[in-house]
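Heads up, work.tsv below (TSV, C-alpha atoms):
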```
chain	number	residue	atom	x	y	z
A	1	MET	CA	4.89	-14.57	16.67
A	2	LEU	CA	3.27	-11.68	14.84
A	3	ARG	CA	0.63	-12.92	12.41
A	4	VAL	CA	-0.48	-11.24	9.17
A	5	HIS	CA	-3.87	-12.16	7.75
A	6	ASP	CA	-3.40	-11.85	4.01
A	7	LEU	CA	-5.99	-11.67	1.25
A	8	ASN	CA	-4.89	-12.05	-2.35
A	9	PHE	CA	-5.02	-8.78	-4.32
A	10	SER	CA	-5.11	-6.77	-1.11
A	11	ARG	CA	-2.97	-4.22	0.66
A	12	SER	CA	-1.38	-6.97	2.77
A	13	ILE	CA	1.84	-6.84	0.74
A	14	ARG	CA	2.52	-3.47	2.34
A	15	ILE	CA	2.66	-5.11	5.76
A	16	THR	CA	4.75	-8.16	4.92
A	17	TRP	CA	7.15	-6.00	2.91
A	18	LEU	CA	7.54	-3.60	5.84
A	19	LEU	CA	8.16	-6.49	8.23
A	20	GLU	CA	10.84	-7.87	5.92
A	21	GLU	CA	12.54	-4.47	5.79
A	22	LEU	CA	12.41	-4.27	9.60
A	23	GLY	CA	13.63	-7.85	10.08
A	24	VAL	CA	10.64	-8.72	12.28
A	25	PRO	CA	9.61	-12.42	12.25
A	26	TYR	CA	6.01	-13.08	11.22
A	27	GLU	CA	3.73	-15.72	9.80
A	28	VAL	CA	1.15	-15.33	7.05
A	29	VAL	CA	-2.39	-16.68	7.18
A	30	GLU	CA	-3.76	-16.74	3.64
A	31	TYR	CA	-7.30	-16.17	2.39
A	32	LYS	CA	-8.53	-16.22	-1.21
A	33	ARG	CA	-11.11	-14.02	-2.88
A	34	ASP	CA	-14.15	-15.55	-4.53
A	35	PRO	CA	-13.23	-15.83	-8.24
A	36	ILE	CA	-16.69	-14.68	-9.32
A	37	THR	CA	-17.56	-11.88	-6.88
A	38	PHE	CA	-13.96	-10.94	-5.97
A	39	ARG	CA	-15.17	-10.70	-2.35
A	40	ALA	CA	-13.18	-11.87	0.67
A	41	PRO	CA	-14.20	-15.17	2.30
A	42	SER	CA	-16.42	-15.08	5.37
A	43	ASP	CA	-13.62	-16.65	7.46
A	44	LEU	CA	-11.92	-13.25	7.62
A	45	LYS	CA	-14.84	-11.97	9.70
A	46	LYS	CA	-13.73	-14.32	12.46
A	47	ILE	CA	-10.62	-12.15	12.76
A	48	HIS	CA	-12.19	-8.71	12.20
A	49	PRO	CA	-15.92	-7.90	11.85
A	50	LEU	CA	-15.45	-6.19	8.47
A	51	GLY	CA	-13.75	-9.22	6.96
A	52	LYS	CA	-11.07	-7.20	5.22
A	53	ALA	CA	-7.29	-7.47	4.99
A	54	PRO	CA	-4.66	-6.76	6.04
A	55	VAL	CA	-5.19	-7.51	9.70
A	56	ILE	CA	-2.39	-8.29	12.13
A	57	GLU	CA	-2.29	-10.07	15.46
A	58	ASP	CA	0.51	-9.02	17.77
A	59	GLU	CA	0.67	-9.99	21.43
A	60	GLY	CA	-3.09	-10.19	21.74
A	61	LEU	CA	-3.81	-7.05	19.72
A	62	ILE	CA	-5.83	-7.25	16.52
A	63	ILE	CA	-5.26	-4.25	14.23
A	64	ALA	CA	-6.81	-3.45	10.84
A	65	GLU	CA	-6.21	-0.63	8.32
A	66	SER	CA	-2.88	-0.73	6.54
A	67	GLY	CA	-1.91	2.84	7.46
A	68	ALA	CA	-2.62	2.23	11.15
A	69	ILE	CA	-0.74	-1.07	11.03
A	70	ILE	CA	2.27	0.62	9.45
A	71	GLU	CA	2.33	3.31	12.14
A	72	TYR	CA	1.97	0.71	14.89
A	73	LEU	CA	4.78	-1.45	13.54
A	74	LEU	CA	7.12	1.49	13.04
A	75	ASN	CA	6.46	2.83	16.54
A	76	LYS	CA	7.16	-0.58	18.05
A	77	TYR	CA	9.92	-2.02	15.87
A	78	ASP	CA	11.69	0.98	14.26
A	79	LYS	CA	12.97	2.92	17.25
A	80	ASP	CA	16.02	4.11	15.27
A	81	GLY	CA	14.00	5.63	12.44
A	82	LYS	CA	15.27	3.30	9.71
A	83	LEU	CA	12.10	3.51	7.64
A	84	ALA	CA	10.46	6.67	8.96
A	85	PRO	CA	11.72	9.98	10.34
A	86	LEU	CA	11.41	10.37	14.10
A	87	ALA	CA	9.05	12.97	15.54
A	88	ASP	CA	11.78	15.61	15.90
A	89	ASP	CA	12.98	15.16	12.31
A	90	SER	CA	12.33	18.01	9.85
A	91	GLU	CA	10.64	15.54	7.44
A	92	TYR	CA	8.30	14.02	10.01
A	93	ALA	CA	5.32	16.14	8.97
A	94	LYS	CA	5.81	15.26	5.29
A	95	TYR	CA	6.18	11.60	6.25
A	96	LEU	CA	2.77	11.71	7.96
A	97	GLU	CA	1.24	13.54	5.02
A	98	PHE	CA	2.41	11.02	2.44
A	99	LEU	CA	1.72	8.01	4.65
A	100	HIS	CA	-1.97	8.97	4.74
A	101	PHE	CA	-2.04	10.38	1.20
A	102	SER	CA	-2.16	6.90	-0.32
A	103	GLU	CA	-5.52	5.97	1.21
A	104	GLY	CA	-6.91	9.41	1.95
A	105	THR	CA	-6.47	10.97	-1.50
A	106	ALA	CA	-4.97	8.63	-4.10
A	107	PHE	CA	-6.89	5.39	-3.71
A	108	PRO	CA	-10.39	6.92	-3.55
A	109	ALA	CA	-9.76	8.46	-7.00
A	110	LEU	CA	-8.47	5.15	-8.32
A	111	LEU	CA	-10.97	2.71	-6.82
A	112	PRO	CA	-13.85	3.25	-9.30
A	113	LEU	CA	-11.47	2.69	-12.22
A	114	VAL	CA	-10.12	-0.51	-10.64
A	115	TYR	CA	-13.69	-1.64	-10.05
A	116	GLU	CA	-14.60	-1.00	-13.68
A	117	LYS	CA	-11.60	-2.99	-14.88
A	118	ASN	CA	-12.01	-5.96	-12.54
A	119	VAL	CA	-15.79	-6.30	-12.52
A	120	GLY	CA	-16.31	-5.44	-16.17
A	121	GLU	CA	-19.08	-2.89	-15.62
A	122	ASP	CA	-18.54	0.42	-17.40
A	123	LEU	CA	-18.81	3.58	-15.35
A	124	PRO	CA	-21.07	6.35	-16.66
A	125	PRO	CA	-18.83	8.55	-18.90
A	126	GLY	CA	-19.30	11.69	-16.82
A	127	ILE	CA	-18.38	9.94	-13.57
A	128	LYS	CA	-15.41	8.22	-15.16
A	129	LYS	CA	-14.11	11.55	-16.46
A	130	VAL	CA	-14.27	13.06	-12.96
A	131	PHE	CA	-12.26	10.26	-11.39
A	132	GLN	CA	-9.81	10.04	-14.30
A	133	THR	CA	-9.13	13.77	-14.12
A	134	GLU	CA	-8.51	13.54	-10.39
A	135	LEU	CA	-6.23	10.52	-10.77
A	136	ASP	CA	-4.22	12.20	-13.52
A	137	ALA	CA	-3.68	15.22	-11.27
A	138	ILE	CA	-2.54	12.97	-8.41
A	139	LEU	CA	-0.13	11.01	-10.59
A	140	GLY	CA	1.30	14.20	-12.03
A	141	TYR	CA	1.80	15.62	-8.55
A	142	ILE	CA	3.57	12.50	-7.27
A	143	SER	CA	5.68	12.23	-10.41
A	144	GLU	CA	6.93	15.78	-9.88
A	145	ARG	CA	7.50	15.10	-6.19
A	146	ILE	CA	9.65	12.05	-6.89
A	147	GLN	CA	11.59	13.82	-9.61
A	148	ASN	CA	12.40	16.74	-7.32
A	149	HIS	CA	13.23	14.77	-4.18
A	150	GLY	CA	15.93	12.33	-5.15
A	151	GLY	CA	13.75	9.61	-6.62
A	152	PHE	CA	11.61	8.95	-3.54
A	153	LEU	CA	8.74	10.62	-1.71
A	154	LEU	CA	11.03	11.88	1.07
A	155	ASP	CA	14.45	13.48	0.80
A	156	ARG	CA	15.85	10.88	3.21
A	157	GLY	CA	15.44	8.18	0.54
A	158	PHE	CA	13.46	4.95	0.66
A	159	SER	CA	10.98	4.85	3.53
A	160	ALA	CA	7.68	3.40	4.70
A	161	VAL	CA	5.74	5.92	2.61
A	162	ASP	CA	7.25	4.40	-0.53
A	163	ILE	CA	6.05	0.98	0.60
A	164	ASN	CA	2.59	2.41	1.16
A	165	PHE	CA	2.39	4.24	-2.16
A	166	ALA	CA	3.84	1.44	-4.29
A	167	PHE	CA	0.59	-0.50	-3.88
A	168	VAL	CA	-1.34	2.45	-5.30
A	169	LEU	CA	0.83	2.45	-8.42
A	170	GLN	CA	0.45	-1.31	-8.78
A	171	ALA	CA	-3.32	-0.80	-8.67
A	172	VAL	CA	-3.01	1.94	-11.31
A	173	GLY	CA	-1.23	-0.62	-13.46
A	174	MET	CA	-4.21	-2.96	-13.04
A	175	ALA	CA	-6.69	-0.29	-14.12
A	176	GLN	CA	-4.71	1.36	-16.88
A	177	SER	CA	-1.06	1.93	-17.84
A	178	LEU	CA	1.77	3.90	-16.28
A	179	GLU	CA	3.33	4.50	-19.70
A	180	SER	CA	2.37	8.18	-19.59
A	181	TYR	CA	4.31	8.53	-16.33
A	182	PRO	CA	7.81	7.12	-16.93
A	183	ILE	CA	9.10	8.61	-13.67
A	184	LEU	CA	6.45	6.67	-11.74
A	185	SER	CA	7.07	3.52	-13.75
A	186	ASP	CA	10.80	3.68	-13.03
A	187	TYR	CA	10.12	4.48	-9.37
A	188	LEU	CA	7.80	1.50	-8.96
A	189	LYS	CA	10.32	-0.84	-10.53
A	190	ARG	CA	13.11	0.54	-8.36
A	191	VAL	CA	11.29	0.07	-5.07
A	192	THR	CA	9.83	-3.34	-5.91
A	193	ASP	CA	13.24	-4.60	-7.05
A	194	ARG	CA	14.27	-4.51	-3.39
A	195	PRO	CA	15.05	-8.01	-2.04
A	196	CYS	CA	12.66	-7.55	0.88
A	197	TYR	CA	9.75	-6.98	-1.49
A	198	THR	CA	10.61	-10.15	-3.41
A	199	THR	CA	10.85	-12.15	-0.19
A	200	ALA	CA	7.55	-10.79	1.12
A	201	LEU	CA	5.80	-11.59	-2.15
A	202	SER	CA	7.13	-15.16	-2.11
A	203	LYS	CA	5.61	-15.72	1.33
A	204	GLN	CA	2.18	-14.71	0.10
A	205	GLN	CA	1.95	-17.15	-2.79
```
Target encoding structure tokens, full file:
Amino acid sequence: MLRVHDLNFSRSIRITWLLEELGVPYEVVEYKRDPITFRAPSDLKKIHPLGKAPVIEDEGLIIAESGAIIEYLLNKYDKDGKLAPLADDSEYAKYLEFLHFSEGTAFPALLPLVYEKNVGEDLPPGIKKVFQTELDAILGYISERIQNHGGFLLDRGFSAVDINFAFVLQAVGMAQSLESYPILSDYLKRVTDRPCYTTALSKQQ
């Protein structure tokens, strides 16, 4: 059976949520962060040298990086294009763009602010302003995208890119508030109200 190595407060929810939506059986192996340092336990390095999560094991393969895992799972288990447009679909290019947008553009702008909030060390004001300005631009861009494309990132409706980006918005909620972005707040609630998200979350407790 496919195995998901899960670390609390990690991107692993993306993977278990996707598997629930696909109806693929899996088991979760849980790890807990150190309550003081917030670092992952050393046991995770037995699975992958970097000791990060999520990591999956599937038929002898060990795969890290949530975006790569999502692409692998969709290619293997979503042949009909339920959660992602197929390669000949007119939205395929936008699907790829937004799948990698979450980690390539959005999260790097957010990470220092999450760090500041969780670790309790203030960023230098000038650096914080740079990252906050970038994050505000990103959130404004995505808010407009969702508003103009039927309430999701793609015109086709709910897809894997929404699963991937929802974690970013949850992290924004940890660092600050989404109150200034009601479209994003409503969007996050709508996608995480899905039964598959609730089921995936319950398996990671």
Correct to one decimal, the distance atom CA of A:Lys203-atom CA of A:Glu20 is 10.5 Å
_Please determine, counting all atoms listed in the file, which residue among A:Phe158, A:Phe9, A:Tyr31, A:Tyr26 has the shortest atom-to-atom distance to A:Pro85._
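Looking only at the distances to A:Pro85, the closest residue turns out to be A:Phe158.
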Closest of A:Leu135, A:Ala109, A:Leu22, A:Leu99 to A:Asp80, counting only C-alpha atoms, is A:Leu22
Which is closer to A:Pro25 than all the others in A:Ala40, A:Ala137, A:Leu86, A:Met1, using all atoms listed in the file?
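Between A:Ala40, A:Ala137, A:Leu86, A:Met1, the residue approaching A:Pro25 most closely is A:Met1.
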The distance between atom CA of A:Leu7 and atom CA of A:Glu30 is 6.0 Å
Could you check how far atom CA of A:Leu50 sits from atom CA of A:Gly104, in Å to one decimal?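 One can read the atom CA of A:Leu50 to atom CA of A:Gly104 distance as 18.9 Å.
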Fill-in result for stretch 137-161 of chain A, N, CA and C atoms as a PDB file, in the coordinates of the input:
```pdb
ATOM      1  N   ALA A 137      -4.281  14.139 -12.057  1.00  0.00           N
ATOM      2  CA  ALA A 137      -3.680  15.220 -11.270  1.00  0.00           C
ATOM      3  C   ALA A 137      -2.813  14.655 -10.147  1.00  0.00           C
ATOM      4  N   ILE A 138      -3.291  13.607  -9.502  1.00  0.00           N
ATOM      5  CA  ILE A 138      -2.540  12.970  -8.410  1.00  0.00           C
ATOM      6  C   ILE A 138      -1.247  12.361  -8.936  1.00  0.00           C
ATOM      7  N   LEU A 139      -1.322  11.649 -10.045  1.00  0.00           N
ATOM      8  CA  LEU A 139      -0.130  11.010 -10.590  1.00  0.00           C
ATOM      9  C   LEU A 139       0.892  12.043 -11.066  1.00  0.00           C
ATOM     10  N   GLY A 140       0.405  13.136 -11.630  1.00  0.00           N
ATOM     11  CA  GLY A 140       1.300  14.200 -12.030  1.00  0.00           C
ATOM     12  C   GLY A 140       1.999  14.835 -10.845  1.00  0.00           C
ATOM     13  N   TYR A 141       1.250  15.041  -9.786  1.00  0.00           N
ATOM     14  CA  TYR A 141       1.800  15.620  -8.550  1.00  0.00           C
ATOM     15  C   TYR A 141       2.886  14.719  -7.953  1.00  0.00           C
ATOM     16  N   ILE A 142       2.600  13.421  -7.860  1.00  0.00           N
ATOM     17  CA  ILE A 142       3.570  12.500  -7.270  1.00  0.00           C
ATOM     18  C   ILE A 142       4.780  12.329  -8.174  1.00  0.00           C
ATOM     19  N   SER A 143       4.563  12.326  -9.471  1.00  0.00           N
ATOM     20  CA  SER A 143       5.680  12.230 -10.410  1.00  0.00           C
ATOM     21  C   SER A 143       6.648  13.387 -10.215  1.00  0.00           C
ATOM     22  N   GLU A 144       6.095  14.595 -10.091  1.00  0.00           N
ATOM     23  CA  GLU A 144       6.930  15.780  -9.880  1.00  0.00           C
ATOM     24  C   GLU A 144       7.631  15.714  -8.521  1.00  0.00           C
ATOM     25  N   ARG A 145       6.911  15.233  -7.520  1.00  0.00           N
ATOM     26  CA  ARG A 145       7.500  15.100  -6.190  1.00  0.00           C
ATOM     27  C   ARG A 145       8.710  14.169  -6.212  1.00  0.00           C
ATOM     28  N   ILE A 146       8.561  13.027  -6.830  1.00  0.00           N
ATOM     29  CA  ILE A 146       9.650  12.050  -6.890  1.00  0.00           C
ATOM     30  C   ILE A 146      10.832  12.596  -7.691  1.00  0.00           C
ATOM     31  N   GLN A 147      10.528  13.259  -8.785  1.00  0.00           N
ATOM     32  CA  GLN A 147      11.590  13.820  -9.610  1.00  0.00           C
ATOM     33  C   GLN A 147      12.401  14.869  -8.861  1.00  0.00           C
ATOM     34  N   ASN A 148      11.740  15.632  -8.008  1.00  0.00           N
ATOM     35  CA  ASN A 148      12.400  16.740  -7.320  1.00  0.00           C
ATOM     36  C   ASN A 148      12.941  16.398  -5.943  1.00  0.00           C
ATOM     37  N   HIS A 149      12.784  15.144  -5.522  1.00  0.00           N
ATOM     38  CA  HIS A 149      13.230  14.770  -4.180  1.00  0.00           C
ATOM     39  C   HIS A 149      14.061  13.483  -4.193  1.00  0.00           C
ATOM     40  N   GLY A 150      14.954  13.412  -5.150  1.00  0.00           N
ATOM     41  CA  GLY A 150      15.930  12.330  -5.150  1.00  0.00           C
ATOM     42  C   GLY A 150      15.408  10.962  -5.507  1.00  0.00           C
ATOM     43  N   GLY A 151      14.258  10.894  -6.154  1.00  0.00           N
ATOM     44  CA  GLY A 151      13.750   9.610  -6.620  1.00  0.00           C
ATOM     45  C   GLY A 151      12.832   8.895  -5.652  1.00  0.00           C
ATOM     46  N   PHE A 152      12.524   9.539  -4.515  1.00  0.00           N
ATOM     47  CA  PHE A 152      11.610   8.950  -3.540  1.00  0.00           C
ATOM     48  C   PHE A 152      10.655  10.031  -3.048  1.00  0.00           C
ATOM     49  N   LEU A 153       9.713   9.637  -2.202  1.00  0.00           N
ATOM     50  CA  LEU A 153       8.740  10.620  -1.710  1.00  0.00           C
ATOM     51  C   LEU A 153       9.336  11.542  -0.646  1.00  0.00           C
ATOM     52  N   LEU A 154      10.355  11.058   0.065  1.00  0.00           N
ATOM     53  CA  LEU A 154      11.030  11.880   1.070  1.00  0.00           C
ATOM     54  C   LEU A 154      12.484  12.077   0.685  1.00  0.00           C
ATOM     55  N   ASP A 155      13.049  13.188   1.110  1.00  0.00           N
ATOM     56  CA  ASP A 155      14.450  13.480   0.800  1.00  0.00           C
ATOM     57  C   ASP A 155      15.400  12.455   1.420  1.00  0.00           C
ATOM     58  N   ARG A 156      14.991  11.836   2.507  1.00  0.00           N
ATOM     59  CA  ARG A 156      15.850  10.880   3.210  1.00  0.00           C
ATOM     60  C   ARG A 156      16.089   9.611   2.402  1.00  0.00           C
ATOM     61  N   GLY A 157      15.317   9.404   1.346  1.00  0.00           N
ATOM     62  CA  GLY A 157      15.440   8.180   0.540  1.00  0.00           C
ATOM     63  C   GLY A 157      14.295   7.229   0.819  1.00  0.00           C
ATOM     64  N   PHE A 158      14.506   5.968   0.513  1.00  0.00           N
ATOM     65  CA  PHE A 158      13.460   4.950   0.660  1.00  0.00           C
ATOM     66  C   PHE A 158      12.932   4.919   2.089  1.00  0.00           C
ATOM     67  N   SER A 159      11.598   4.866   2.203  1.00  0.00           N
ATOM     68  CA  SER A 159      10.980   4.850   3.530  1.00  0.00           C
ATOM     69  C   SER A 159       9.642   4.114   3.466  1.00  0.00           C
ATOM     70  N   ALA A 160       8.971   4.077   4.610  1.00  0.00           N
ATOM     71  CA  ALA A 160       7.680   3.400   4.700  1.00  0.00           C
ATOM     72  C   ALA A 160       6.637   4.015   3.782  1.00  0.00           C
ATOM     73  N   VAL A 161       6.736   5.302   3.487  1.00  0.00           N
ATOM     74  CA  VAL A 161       5.740   5.920   2.610  1.00  0.00           C
ATOM     75  C   VAL A 161       5.875   5.403   1.173  1.00  0.00           C
TER      76      VAL A 161
END
```
